[in-house]
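Heads up: the structure comes next, in structure tokens.
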Protein chains: 2
Amino acid sequence: MTTGTDTPRRTRIQQEKRELILEAALEVFSTNGFRGSTIDQIAEAAGMSKPNLLYYFRRKEDIHETLMQRLLDTWLAPLRELDDIGDPLTELRSYIRRKLEMARDFPRESRLFANEILQGAPRIMPLLTGELKTLVDEKAVVIKGWMRAGKIARTDPWHLIFSIWATTQHYADFDVQVRAVLGPNRGGDGRFEDAARFLEQLFLDGLKPKS
Amino acid sequence: MTTGTDTPRRTRIQQEKRELILEAALEVFSTNGFRGSTIDQIAEAAGMSKPNLLYYFRRKEDIHETLMQRLLDTWLAPLRELDDIGDPLTELRSYIRRKLEMARDFPRESRLFANEILQGAPRIMPLLTGELKTLVDEKAVVIKGWMRAGKIARTDPWHLIFSIWATTQHYADFDVQVRAVLGPNRGGDGRFEDAARFLEQLFLDGLKPKS
DNA sequence: CAAATTTTTGACCGATTGGACAAACGTTAG
DNA sequence: CTAACGTTTGTCCAATCGGTCAAAAATTTG
């Protein structure tokens with residue numbers, strides 16, 4: 001048993017081409033959704049013929065599945081890092097900052113995920129009720145501890161996490177709308193710094209005026 | 001000239017059937033996106049044959065276009081109502097509540113809009129840079145006035161509006177994820193009340209503990 | 001080198017897509 | 001009743017879809 005089935009053992013070309021395809025598929029899937037994307041589009045974006053692409057991934061769904069598996073790991077990494085050591089407010093602030101950076105640096109991954117959820121998560125539902133729920137419940141316990149210790153205000157930890165996801169991913173998923181509304185001046189490269197400043201203030205102090 | 005081209009003059013059956021089709025199309029488009037939806041699906045959901053549907057709407061795009069036009073009016077209504085009269089904090093709080101109610105009562109409309117934006121807003125871009133931007137800029141002025149008057153804390157009005165959109169629409173667009181993470185108990189019908197309570201606290205006071 | 005293996009391609013397949021069209025059917029007004 | 005008009009359907013079409021396959025081309029191995 002030199003090679004198990006769990007070790008695909010791929011050639012150099014296979015590794016390179018598979019990466020090329022996944023990169024192209026990320027671009028296509030994230031802007032058209034799964035059903036809205038065609039193998040031809042992905043193949044063209046990857047610079048190869050359709051049968052050639054299908055030599056590396058036998059089915060369209062295999063590409064999407066591989067993409068989603070990779071995505072979830074990196075996507076949940078910031079939340080995994082949220083830990084009990086250090087000051088709670090600082091911890092939350094850096095979590096928000098990290099999530100916002102991900103929205104800035106990996107908008108396609110965010111949109112790929114959003115597309116999947118929007119359409120009812122038909123391909124990753126088990127991951128949501130399993131791995132994701134477990135992780136969030138775990139971190140909710142941590143946050144509740146902070147509340148009991150009087151380190152942060154008492155609220156619902158789950159909805160707190162939702163609100164962080166929503167506000168940060170908004171800048172990736174609704175990017176066109178954000179840029180359209182902000183216009184060419186305010187909507188330039190500086191919009192993420194503006195968003196970071198605003199979100200920090202919102203989550204720390206809210207909108208009540210300083211009395 | 002008793003009938004202009006701008007007055008389609010439709011029979012009773014035409015009005016009813018068109019409504020039936022739009023209702024069915026809202027269901028289908030909101031869960032599959034434009035490209036991912038087929039005329040057959042819509043026709044079946046509306047309980048009629050495909051050629052019959054095409055008698056009322058000549059092209060698939062016409063259905064989507066009609067749907068989007070109607071959507072935007074009702075969708076932006078709450079923001080339009082945001083006015084200078086009354087207490088600013090109360091005004092913002094009721095805007096958040098109204099947006100959350102819309103996410104609860106019209107989730108399909110929210111997802112239809114999200115799908116369109118996610119995919120680059122190819123069909124409504126002019127509306128975003130035109131009507132929508134104008135409205136937001138207008139309301140940003142109102143909010144800035146409240147800040148100058150010391151009624152609410154000083155922040156970026158545009159990003160404030162974005163954060164309200166993001167947090168409220170999240171409960172419609174990412175509904176499956178929210179329910180999956182909250183589980184059968186917390187994710188029941190009460191989740192919108194929980195969200196309302198949380199968001200009110202977040203936007204008013206933030207997370208800093210009461211000292 | 002030559003043989004074995006991997007990679008690429010063109011041609012092709014059945015299924016589905018958006019849409020056209022004429023004929024059949026139903027309804028309504030005179 | 002009947003003619004005009006509105007509605008519905010079955011059939012059909014070209015284009016596109018995901019995917020197959022055998023053969024050619026390129027690469028690796030001995």
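Here's how to read the names in the structure tokens: chain A, B, ... by the order shown, residue numbers from 1 in each chain, ligand numbers from 1 in the order shown.
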* To do: Identify every residue of chain A that has at least one atom within 10 Å of any atom of chain C, counting only C-alpha atoms (C1' of nucleotides), and report the result as a VMD selection string.
  => chain A and resid 11 13 to 14 48 to 53 55
* Asked: Taking only C-alpha atoms into account, which residues of chain B are within 7 Å of chain A, as a count of residues only?
  -> 41
Each residue of segment 59-142 of chain A lying at most 12 Å from segment 2-25 of chain D should get a row with its shortest atom-to-atom pair and the distance in Å to one decimal, counting only C-alpha atoms (C1' of nucleotides); could you produce that, ordered by chain and increasing number, as a tab-separated table?
```
residue	atom	partner	partner_atom	distance
A:Arg59	CA	D:DG19	C1'	7.9
A:Lys60	CA	D:DG18	C1'	7.8
A:Glu61	CA	D:DG18	C1'	10.5
```
* **DSSP-assigned helix (DSSP H, G or I) among segment 51-208 of chain A, expressed as a VMD selection string** => chain A and resid 51 to 56 60 to 81 88 to 105 107 to 118 125 to 148 157 to 173 175 to 186 191 to 205
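Across the model, the gap from atom CA of Asp189 of chain A to atom CA of Ser94 of chain A is 20.7 Å.
Taking atom CA of Leu67 of chain B as the reference point, atom CA of Tyr95 of chain B is found at 24.0 Å.
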* What separation in Å, quoted to one decimal, exists between atom CA of Tyr56 of chain B and atom CA of Pro107 of chain B? -> 25.8 Å
